[in-house]
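**Q** Quick one: this structure, given as structure tokens, is what I'll be asking you about.
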Amino acid sequence: MAGSSNSMNSLEQKTETQQSAPVQLGSSHISQNRFEPYFDAMTPRNITALVGKSAYLSCRVRNLGNKTVSWIRHRDIHILTVGSYTYTSDQRFQANHHTENDEWTLQIKWAQKRDAGIYECQISTQPVRSYFVNLNLVVPTAQVLGGPDLYVDMGSTINLTCSVKYSPEPPAYIFWYHGGEVISYDSSRGGVSVITEKGDVTTSFLLIQHADISDSGKYSCNPSNANVASVRVHVLNGERPAAMQTGSARLSKSSLNIVALLVISYIYQMCTYNQCPSLGAVR
């Protein structure tokens with residue numbers, strides 16, 4: 001154990017000494033000696049991961065030879081891993097070596113907000129060579145626009161929009177609920193449809209045609225990777241509160257998509273009965 005302690009102290013002293021003048025390599029770096037270790041400058045420098053999930057920071061090193069690769073947390077200059085060994089009591093950190101592509105990956109299990117920041121991938125050359133990777137940690141957030149209360153006329157179309165932000169990838173699915181029950185798009189009620197647009201911000205539109213008093217209540221948007229967001233819908237018969245939103249209000253780009261869906265649905269139904277309208281009729 002004494003030998004292990006001395007070895008660890010020696011490693012830390014060596015790292016502290018070498019920290020004074022690291023070689024920072026950017027995309028323009030070209031190794032002066034083709035046999036010297038160098039970083040693949042195409043390795044991503046900014047990583048975004050989800051809080052509570054595993055975060056993976058990659059470092060590709062060419063021509064490593066007999067040198068070692070270490071991962072260091074920059075905010076406290078704490079050595080996390082050396083080679084495949086973990087040098088921290090926090091067992092969430094682990095180094096994985098993928099020999100097929102010369103990649104050394106730092107895995108952070110159950111990542112927390114405090115884990116965000118700069119991490120240094122370091123080669124044990126003289127002087128040391130360093131590659132910095134910035135880790136961002138986000139919590140995907142869902143929001144139903146127009147809440148917490150939405151007012152519509154009886155007989156109009158209920159148009160609910162759920163927006164999912166701060167997600168590294170689109171949600172695998174988005175379920176809509178009414179009063180705690182999953183909304184069925186092929187129920188006997190009919191007139192229920194959904195449009196989902198995936199991207200940096202994923203948006204799901206719930207359309208319920210011919211709104212009735214029974215359609216009033218709490219609606220919830222439940223993405224696979226974010227919180228549940230809700231809105232309370234009030235279907236009114238003749239009353240017009242100041243906060244009321246009718247089906248004809250605020251035509252946006254998203255609303256135009258909804259109109260297009262309704263038109264396509266109409267054409268499909270007509271064609272089913274061999275009564276396809278001409279383009280002129282659709283216009």
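Ligands are numbered from 1 in the order shown, residues from 1 within each chain, and chains are lettered A, B, ... in the order they appear in the structure tokens.
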Quick one: pick out all helix (DSSP H, G or I) residues within segment 8-203 of chain A from a backbone DSSP run and write them as a PyMOL selection string.
**A** chain A and resi 8-18+99-101+113-115
**Q** Can you pull out every residue within 10 Å of Gly147 of chain A, counting only C-alpha atoms, but drop anything in the same chain fewer than 5 positions away, and send it as a list in words?
**A**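 Contacts, with the query itself left out: Leu160, Thr161, Ala229, Ser230, Val231, Arg232 and Val233 of chain A.
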**Q** Would you mind telling me which residue in A:Asn46, A:Ser184, A:Asn63, A:Ser156 lies nearest to Gly117 of chain A when using only C-alpha atoms?
**A**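 With only C-alpha atoms as the atom set, the closest residue is A:Asn46.
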**Q** What is the distance between atom CA of Lys53 of chain A and atom CA of Lys113 of chain A, in Å to one decimal?
**A**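 Rounded to one decimal, the two atoms are 11.1 Å apart.
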**Q** When DSSP works through the backbone of this structure, what residues of segment 103-232 of chain A end up as strand (DSSP E or B), shown as a PyMOL selection string?
**A** chain A and resi 103-108+117-123+129-138+141-144+149-153+158-165+174-178+181-182+192-197+202-208+217-223+229-232
**Q** Give me a file of those residues, with C-alpha atoms, as a short mmCIF file (atom, residue, chain, number, x, y, z; two decimals), in the first residue's frame.
**A**
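In the end it all went to result.cif:
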```cif
data_model
loop_
_atom_site.label_atom_id
_atom_site.label_comp_id
_atom_site.auth_asym_id
_atom_site.auth_seq_id
_atom_site.Cartn_x
_atom_site.Cartn_y
_atom_site.Cartn_z
CA GLU A 103 -10.44 6.49 -28.61
CA TRP A 104 -10.28 7.06 -24.87
CA THR A 105 -13.77 7.77 -23.52
CA LEU A 106 -14.53 9.24 -20.12
CA GLN A 107 -17.90 7.98 -18.92
CA ILE A 108 -19.74 9.87 -16.18
CA GLY A 117 -17.52 22.19 -17.15
CA ILE A 118 -14.18 21.63 -18.87
CA TYR A 119 -12.39 18.29 -18.86
CA GLU A 120 -8.83 17.77 -20.02
CA CYS A 121 -7.60 14.77 -21.96
CA GLN A 122 -3.84 14.62 -21.42
CA ILE A 123 -0.99 12.67 -23.01
CA ARG A 129 -0.26 17.55 -24.57
CA SER A 130 -3.83 18.49 -23.74
CA TYR A 131 -7.20 18.43 -25.45
CA PHE A 132 -10.08 20.21 -23.74
CA VAL A 133 -13.72 19.10 -23.89
CA ASN A 134 -16.60 21.15 -22.49
CA LEU A 135 -19.54 19.26 -20.97
CA ASN A 136 -23.00 20.84 -20.87
CA LEU A 137 -25.76 19.21 -18.85
CA VAL A 138 -29.39 19.97 -19.54
CA THR A 141 -38.38 20.78 -20.54
CA ALA A 142 -41.89 20.45 -21.95
CA GLN A 143 -44.44 23.26 -22.09
CA VAL A 144 -47.98 23.48 -23.41
CA ASP A 149 -56.04 27.90 -19.12
CA LEU A 150 -57.32 27.80 -22.70
CA TYR A 151 -60.83 28.86 -23.78
CA VAL A 152 -62.48 27.70 -27.01
CA ASP A 153 -65.94 27.92 -28.58
CA ILE A 158 -59.13 22.60 -29.98
CA ASN A 159 -55.49 23.22 -30.95
CA LEU A 160 -52.95 22.31 -28.26
CA THR A 161 -49.21 22.83 -28.83
CA CYS A 162 -46.57 21.08 -26.74
CA SER A 163 -42.96 22.25 -27.09
CA VAL A 164 -39.98 20.15 -25.87
CA LYS A 165 -36.75 22.14 -25.43
CA ILE A 174 -45.04 12.07 -26.94
CA PHE A 175 -48.29 10.89 -25.37
CA TRP A 176 -51.28 13.17 -24.85
CA TYR A 177 -53.68 12.63 -21.92
CA HIS A 178 -57.17 13.96 -21.18
CA GLU A 181 -56.51 8.85 -19.76
CA VAL A 182 -54.33 8.38 -22.84
CA VAL A 192 -58.68 13.66 -33.14
CA SER A 193 -55.25 13.93 -34.77
CA VAL A 194 -51.65 14.77 -33.93
CA ILE A 195 -48.81 16.41 -35.86
CA THR A 196 -45.25 16.11 -34.49
CA GLU A 197 -42.32 18.13 -35.81
CA THR A 202 -39.72 19.19 -30.90
CA THR A 203 -43.32 20.34 -31.23
CA SER A 204 -46.45 18.20 -30.97
CA PHE A 205 -49.87 19.53 -32.04
CA LEU A 206 -53.05 17.92 -30.73
CA LEU A 207 -56.16 18.73 -32.81
CA ILE A 208 -59.66 17.95 -31.61
CA GLY A 217 -60.73 19.39 -18.67
CA LYS A 218 -57.04 18.88 -18.07
CA TYR A 219 -54.83 17.93 -21.03
CA SER A 220 -51.27 16.71 -20.47
CA CYS A 221 -48.31 16.33 -22.81
CA ASN A 222 -45.95 13.55 -21.71
CA PRO A 223 -42.67 13.26 -23.72
CA ALA A 229 -46.76 19.65 -19.06
CA SER A 230 -50.47 20.42 -18.69
CA VAL A 231 -53.16 22.91 -19.66
CA ARG A 232 -56.84 23.19 -18.68
#
```
**Q** Using atom CA of Ser124 of chain A and atom CA of Arg73 of chain A as the two end points, give the distance in Å to one decimal.
**A**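 Between atom CA of Ser124 of chain A and atom CA of Arg73 of chain A the gap works out to 16.0 Å.
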**Q** Would you pick out the contacts of His78 of chain A at 9 Å or less, using only C-alpha atoms, so that residues sharing its chain but fewer than 6 positions from it are not included, and give the list as an MDAnalysis selection string?
**A** chainID A and resid 71:72 87:88
**Q** Would you write out those residues with all heavy atoms, as a CSV table (one decimal), in the first residue's frame?
**A**
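Resulting contents of part.csv:
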```csv
chain,number,residue,atom,x,y,z
A,71,TRP,N,-7.5,11.6,-17.9
A,71,TRP,CA,-8.6,12.6,-17.9
A,71,TRP,C,-8.6,13.4,-16.6
A,71,TRP,O,-8.5,12.8,-15.5
A,71,TRP,CB,-10.0,11.9,-18.0
A,71,TRP,CG,-10.4,11.5,-19.4
A,71,TRP,CD1,-10.3,10.3,-20.0
A,71,TRP,CD2,-10.9,12.4,-20.4
A,71,TRP,NE1,-10.7,10.4,-21.3
A,71,TRP,CE2,-11.1,11.7,-21.6
A,71,TRP,CE3,-11.2,13.8,-20.4
A,71,TRP,CZ2,-11.7,12.2,-22.7
A,71,TRP,CZ3,-11.7,14.4,-21.5
A,71,TRP,CH2,-12.0,13.6,-22.7
A,72,ILE,N,-8.6,14.7,-16.7
A,72,ILE,CA,-8.5,15.6,-15.6
A,72,ILE,C,-9.7,16.5,-15.5
A,72,ILE,O,-10.0,17.1,-16.6
A,72,ILE,CB,-7.2,16.4,-15.6
A,72,ILE,CG1,-6.0,15.4,-15.6
A,72,ILE,CG2,-7.1,17.4,-14.4
A,72,ILE,CD1,-4.7,16.1,-15.9
A,87,TYR,N,-8.8,7.1,-10.7
A,87,TYR,CA,-8.1,7.6,-9.6
A,87,TYR,C,-8.9,8.6,-8.8
A,87,TYR,O,-8.5,9.7,-8.5
A,87,TYR,CB,-6.8,8.3,-10.0
A,87,TYR,CG,-5.7,7.3,-10.3
A,87,TYR,CD1,-5.5,6.8,-11.6
A,87,TYR,CD2,-4.8,6.9,-9.3
A,87,TYR,CE1,-4.5,5.9,-11.8
A,87,TYR,CE2,-3.8,6.0,-9.5
A,87,TYR,CZ,-3.6,5.5,-10.8
A,87,TYR,OH,-2.7,4.6,-11.1
A,88,THR,N,-10.2,8.3,-8.6
A,88,THR,CA,-11.1,9.1,-7.8
A,88,THR,C,-12.0,8.2,-7.0
A,88,THR,O,-12.3,7.1,-7.5
A,88,THR,CB,-11.9,10.1,-8.7
A,88,THR,OG1,-12.8,10.8,-7.9
A,88,THR,CG2,-12.6,9.4,-9.8
```
**Q** Quick one, how far is atom CA of Val228 of chain A from atom CA of Pro148 of chain A?
**A** 13.2 Å
